[in-house]
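S.K.: Right, I'll just put the structure down here and ask away after.
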Number of protein chains: 2
Amino acid sequence: MTGPAASPDQGRLHAPEAYFLPAGSGSRHTIFPGVEIQTAAGTNLMLSVVRLEPHSVVTDHSHPHEQMGILLEGTLEFTVGGVTRLLGPGDMWRIPGGVVHRVRALDQPAMALDVFHPIREDYL
Amino acid sequence: MTGPAASPDQGRLHAPEAYFLPAGSGSRHTIFPGVEIQTAAGTNLMLSVVRLEPHSVVTDHSHPHEQMGILLEGTLEFTVGGVTRLLGPGDMWRIPGGVVHRVRALDQPAMALDVFHPIREDYL
């Protein structure tokens with residue numbers, strides 16, 4: 001032995017087969033009615049592909065994790081810290097830890113990418 | 001005063017106008033010929049929208065930052081730690097800090113989203 005052993009987590013993420021995740025893989029959760037996420041976790045980062053059905057709602061919530069994201073398809077009404085914006089593709093959000101936010105899909109489906117730091121254990 | 005003052009950075013990111021970034025905003029850099037990024041930084045997260053022209057190349061490099069990403073449009077030949085994959089839309093990558101990686105666009109343009117932790121000061 002020439003040094004400390006890598007942690008099991010570091011070993012997992014450094015395995016070559018862990019470098020790539022095919023489309024549609026990852027962990028799936030329905031977090032609100034009509035709102036499905038597909039997540040992939042690294043060590044200190046988590047990606048979450050979010051698919052929202054028309055008229056679905058992510059109700060007011062907050063978490064200590066920092067969150068950023070980008071809208072990929074559709075339109076969303078997004079409220080962060082009491083500030084509401086109507087967002088289209090390419091628009092981004094930046095939510096400091098602890099700030100209350102909510103999302104409402106309009107009459108079309110929408111797809112977004114959310115990113116968290118640190119990883120959300122409840123989304124693994 | 002009832003507590004410690006927030007750091008200037010925390011103040012900036014907690015300003016309501018900082019919660020949303022319109023499509024196309026952010027900092028722009030041409031990081032390799034034909035490879036343009038548009039970045040947005042939070043406190044411990046950075047998003048980077050990457051546009052690659054046909055046949056553009058991001059040459060072998062590494063950085064201490066953890067990186068994850070997802071291909072949004074097109075096809076990329078992506079190599080991480082010596083492992084090469086041909087990626088299509090929705091495919092993801094997960095690159096631990098310090099692992100060498102490179103990217104090559106084929107005969108069509110491509111668009112990807114990269115995420116870094118911590119933020120890359122050189123991309124601000």
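Residues in the structure tokens are named by chain (A, B, ... in the order shown) and by number from 1 within that chain; ligands are numbered from 1 in the order shown.
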Kindly determine which residues of chain B lie within 8 Å of chain A, considering only C-alpha atoms, and give the answer as an NGL selection string.
M.R.: :B and (13-14 or 16 or 18-24 or 42-45 or 47 or 66-69 or 80-81 or 83 or 85 or 88-96 or 115-117)
S.K.: Might you pull out every residue within 8 Å of A:His55, with only C-alpha atoms counted and same-chain residues fewer than 2 positions away left off, and present them as a list in words?
M.R.: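 Within the cut-off, the hits are Glu53, Val57, Arg104, Ala105, Leu106, Asp107 and Gln108 of chain A.
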S.K.: Give the strand (DSSP E) residues of chain B, as DSSP finds them on the backbone, and put them as a PyMOL selection string.
M.R.: chain B and resi 20-21+27-32+35-41+46-52+57-61+66-73+76-80+83-87+92-95+101-105+110-117
S.K.: Pairing the C-alpha atoms in order across the whole chain, superpose chain B onto chain A by least squares and write the result as a PDB file with C-alpha atoms, in the first residue's frame.
M.R.:
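Result went into selection_33.pdb, see below:
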```pdb
ATOM      1  CA  MET B   1       0.197   0.092  -0.332  1.00  0.00           C
ATOM      2  CA  THR B   2       1.591   3.448  -1.335  1.00  0.00           C
ATOM      3  CA  GLY B   3      -1.215   5.666  -0.049  1.00  0.00           C
ATOM      4  CA  PRO B   4      -4.649   5.755   1.504  1.00  0.00           C
ATOM      5  CA  ALA B   5      -7.325   3.642  -0.162  1.00  0.00           C
ATOM      6  CA  ALA B   6      -9.888   5.551  -2.210  1.00  0.00           C
ATOM      7  CA  SER B   7     -13.328   5.768  -0.629  1.00  0.00           C
ATOM      8  CA  PRO B   8     -15.896   3.344  -2.057  1.00  0.00           C
ATOM      9  CA  ASP B   9     -17.727   6.287  -3.599  1.00  0.00           C
ATOM     10  CA  GLN B  10     -14.624   7.621  -5.298  1.00  0.00           C
ATOM     11  CA  GLY B  11     -13.891   4.150  -6.567  1.00  0.00           C
ATOM     12  CA  ARG B  12     -17.350   3.861  -8.065  1.00  0.00           C
ATOM     13  CA  LEU B  13     -17.173   7.192  -9.851  1.00  0.00           C
ATOM     14  CA  HIS B  14     -13.673   6.553 -11.148  1.00  0.00           C
ATOM     15  CA  ALA B  15     -14.682   3.244 -12.735  1.00  0.00           C
ATOM     16  CA  PRO B  16     -14.600   3.774 -16.518  1.00  0.00           C
ATOM     17  CA  GLU B  17     -18.145   2.421 -16.888  1.00  0.00           C
ATOM     18  CA  ALA B  18     -19.305   5.252 -14.616  1.00  0.00           C
ATOM     19  CA  TYR B  19     -18.100   8.036 -16.911  1.00  0.00           C
ATOM     20  CA  PHE B  20     -21.062   7.820 -19.311  1.00  0.00           C
ATOM     21  CA  LEU B  21     -24.792   7.433 -18.700  1.00  0.00           C
ATOM     22  CA  PRO B  22     -27.012   6.609 -21.686  1.00  0.00           C
ATOM     23  CA  ALA B  23     -30.082   8.771 -22.337  1.00  0.00           C
ATOM     24  CA  GLY B  24     -32.978   7.615 -20.185  1.00  0.00           C
ATOM     25  CA  SER B  25     -30.794   5.938 -17.561  1.00  0.00           C
ATOM     26  CA  GLY B  26     -30.525   7.116 -13.985  1.00  0.00           C
ATOM     27  CA  SER B  27     -32.961   7.093 -11.105  1.00  0.00           C
ATOM     28  CA  ARG B  28     -36.616   7.983 -11.741  1.00  0.00           C
ATOM     29  CA  HIS B  29     -38.995   9.632  -9.304  1.00  0.00           C
ATOM     30  CA  THR B  30     -42.436  11.189  -9.630  1.00  0.00           C
ATOM     31  CA  ILE B  31     -42.004  14.161  -7.308  1.00  0.00           C
ATOM     32  CA  PHE B  32     -45.432  15.776  -7.868  1.00  0.00           C
ATOM     33  CA  PRO B  33     -48.420  14.651  -9.938  1.00  0.00           C
ATOM     34  CA  GLY B  34     -47.350  14.939 -13.581  1.00  0.00           C
ATOM     35  CA  VAL B  35     -43.744  15.834 -12.704  1.00  0.00           C
ATOM     36  CA  GLU B  36     -41.174  13.098 -13.327  1.00  0.00           C
ATOM     37  CA  ILE B  37     -37.426  13.407 -12.767  1.00  0.00           C
ATOM     38  CA  GLN B  38     -34.522  11.312 -13.996  1.00  0.00           C
ATOM     39  CA  THR B  39     -31.380  11.913 -11.928  1.00  0.00           C
ATOM     40  CA  ALA B  40     -27.671  11.183 -12.127  1.00  0.00           C
ATOM     41  CA  ALA B  41     -25.327  11.831  -9.220  1.00  0.00           C
ATOM     42  CA  GLY B  42     -21.627  12.500  -9.112  1.00  0.00           C
ATOM     43  CA  THR B  43     -19.734  13.273  -5.921  1.00  0.00           C
ATOM     44  CA  ASN B  44     -20.838  16.862  -5.283  1.00  0.00           C
ATOM     45  CA  LEU B  45     -23.132  17.406  -8.280  1.00  0.00           C
ATOM     46  CA  MET B  46     -26.498  15.998  -9.256  1.00  0.00           C
ATOM     47  CA  LEU B  47     -28.246  16.440 -12.616  1.00  0.00           C
ATOM     48  CA  SER B  48     -32.008  16.019 -12.871  1.00  0.00           C
ATOM     49  CA  VAL B  49     -33.911  15.915 -16.154  1.00  0.00           C
ATOM     50  CA  VAL B  50     -37.423  17.124 -15.311  1.00  0.00           C
ATOM     51  CA  ARG B  51     -40.488  16.381 -17.450  1.00  0.00           C
ATOM     52  CA  LEU B  52     -43.655  18.290 -16.606  1.00  0.00           C
ATOM     53  CA  GLU B  53     -47.066  17.457 -17.987  1.00  0.00           C
ATOM     54  CA  PRO B  54     -49.381  20.322 -18.940  1.00  0.00           C
ATOM     55  CA  HIS B  55     -50.817  22.105 -15.885  1.00  0.00           C
ATOM     56  CA  SER B  56     -48.592  20.204 -13.453  1.00  0.00           C
ATOM     57  CA  VAL B  57     -47.343  22.082 -10.387  1.00  0.00           C
ATOM     58  CA  VAL B  58     -44.270  21.849  -8.170  1.00  0.00           C
ATOM     59  CA  THR B  59     -45.601  23.479  -5.011  1.00  0.00           C
ATOM     60  CA  ASP B  60     -43.709  25.903  -2.766  1.00  0.00           C
ATOM     61  CA  HIS B  61     -40.710  24.232  -1.164  1.00  0.00           C
ATOM     62  CA  SER B  62     -37.107  24.885  -0.193  1.00  0.00           C
ATOM     63  CA  HIS B  63     -33.999  22.846   0.584  1.00  0.00           C
ATOM     64  CA  PRO B  64     -30.507  23.622   1.804  1.00  0.00           C
ATOM     65  CA  HIS B  65     -29.014  22.548  -1.549  1.00  0.00           C
ATOM     66  CA  GLU B  66     -28.058  25.185  -4.074  1.00  0.00           C
ATOM     67  CA  GLN B  67     -30.023  24.707  -7.308  1.00  0.00           C
ATOM     68  CA  MET B  68     -29.531  26.004 -10.836  1.00  0.00           C
ATOM     69  CA  GLY B  69     -31.325  24.980 -14.001  1.00  0.00           C
ATOM     70  CA  ILE B  70     -32.238  25.671 -17.595  1.00  0.00           C
ATOM     71  CA  LEU B  71     -35.505  25.256 -19.473  1.00  0.00           C
ATOM     72  CA  LEU B  72     -35.016  22.979 -22.481  1.00  0.00           C
ATOM     73  CA  GLU B  73     -38.539  22.805 -23.953  1.00  0.00           C
ATOM     74  CA  GLY B  74     -41.876  24.510 -23.327  1.00  0.00           C
ATOM     75  CA  THR B  75     -42.916  27.323 -21.027  1.00  0.00           C
ATOM     76  CA  LEU B  76     -42.877  27.471 -17.227  1.00  0.00           C
ATOM     77  CA  GLU B  77     -44.131  29.959 -14.699  1.00  0.00           C
ATOM     78  CA  PHE B  78     -41.343  29.934 -12.125  1.00  0.00           C
ATOM     79  CA  THR B  79     -41.391  31.685  -8.753  1.00  0.00           C
ATOM     80  CA  VAL B  80     -38.237  32.084  -6.654  1.00  0.00           C
ATOM     81  CA  GLY B  81     -38.229  34.029  -3.384  1.00  0.00           C
ATOM     82  CA  GLY B  82     -41.506  35.686  -4.330  1.00  0.00           C
ATOM     83  CA  VAL B  83     -40.308  36.762  -7.788  1.00  0.00           C
ATOM     84  CA  THR B  84     -42.310  35.258 -10.678  1.00  0.00           C
ATOM     85  CA  ARG B  85     -41.152  34.980 -14.289  1.00  0.00           C
ATOM     86  CA  LEU B  86     -42.576  33.309 -17.382  1.00  0.00           C
ATOM     87  CA  LEU B  87     -39.682  31.297 -18.821  1.00  0.00           C
ATOM     88  CA  GLY B  88     -38.970  29.921 -22.296  1.00  0.00           C
ATOM     89  CA  PRO B  89     -36.279  27.633 -23.722  1.00  0.00           C
ATOM     90  CA  GLY B  90     -32.756  28.655 -22.736  1.00  0.00           C
ATOM     91  CA  ASP B  91     -33.852  30.726 -19.746  1.00  0.00           C
ATOM     92  CA  MET B  92     -32.010  29.802 -16.525  1.00  0.00           C
ATOM     93  CA  TRP B  93     -32.691  29.956 -12.798  1.00  0.00           C
ATOM     94  CA  ARG B  94     -30.339  30.277  -9.824  1.00  0.00           C
ATOM     95  CA  ILE B  95     -31.768  29.386  -6.410  1.00  0.00           C
ATOM     96  CA  PRO B  96     -29.587  29.823  -3.314  1.00  0.00           C
ATOM     97  CA  GLY B  97     -30.056  27.202  -0.601  1.00  0.00           C
ATOM     98  CA  GLY B  98     -33.085  27.855   1.593  1.00  0.00           C
ATOM     99  CA  VAL B  99     -34.997  30.094  -0.837  1.00  0.00           C
ATOM    100  CA  VAL B 100     -38.619  29.025  -1.427  1.00  0.00           C
ATOM    101  CA  HIS B 101     -39.573  28.289  -5.042  1.00  0.00           C
ATOM    102  CA  ARG B 102     -42.408  26.812  -7.091  1.00  0.00           C
ATOM    103  CA  VAL B 103     -43.086  25.965 -10.732  1.00  0.00           C
ATOM    104  CA  ARG B 104     -46.219  25.725 -12.843  1.00  0.00           C
ATOM    105  CA  ALA B 105     -46.486  24.232 -16.318  1.00  0.00           C
ATOM    106  CA  LEU B 106     -48.915  25.922 -18.697  1.00  0.00           C
ATOM    107  CA  ASP B 107     -50.969  24.133 -21.376  1.00  0.00           C
ATOM    108  CA  GLN B 108     -48.013  22.370 -23.002  1.00  0.00           C
ATOM    109  CA  PRO B 109     -45.523  19.831 -21.653  1.00  0.00           C
ATOM    110  CA  ALA B 110     -42.131  21.148 -20.612  1.00  0.00           C
ATOM    111  CA  MET B 111     -38.655  19.717 -20.055  1.00  0.00           C
ATOM    112  CA  ALA B 112     -35.952  21.233 -17.873  1.00  0.00           C
ATOM    113  CA  LEU B 113     -32.576  20.371 -16.437  1.00  0.00           C
ATOM    114  CA  ASP B 114     -31.959  21.020 -12.757  1.00  0.00           C
ATOM    115  CA  VAL B 115     -28.579  20.831 -11.053  1.00  0.00           C
ATOM    116  CA  PHE B 116     -27.974  20.498  -7.323  1.00  0.00           C
ATOM    117  CA  HIS B 117     -25.037  20.895  -4.954  1.00  0.00           C
ATOM    118  CA  PRO B 118     -24.610  18.939  -2.817  1.00  0.00           C
ATOM    119  CA  ILE B 119     -26.412  15.896  -4.199  1.00  0.00           C
ATOM    120  CA  ARG B 120     -29.987  15.384  -3.021  1.00  0.00           C
ATOM    121  CA  GLU B 121     -30.041  12.043  -1.204  1.00  0.00           C
ATOM    122  CA  ASP B 122     -33.830  11.924  -1.648  1.00  0.00           C
ATOM    123  CA  TYR B 123     -33.381  11.926  -5.444  1.00  0.00           C
ATOM    124  CA  LEU B 124     -30.844   9.097  -5.620  1.00  0.00           C
TER     125      LEU B 124
END
```
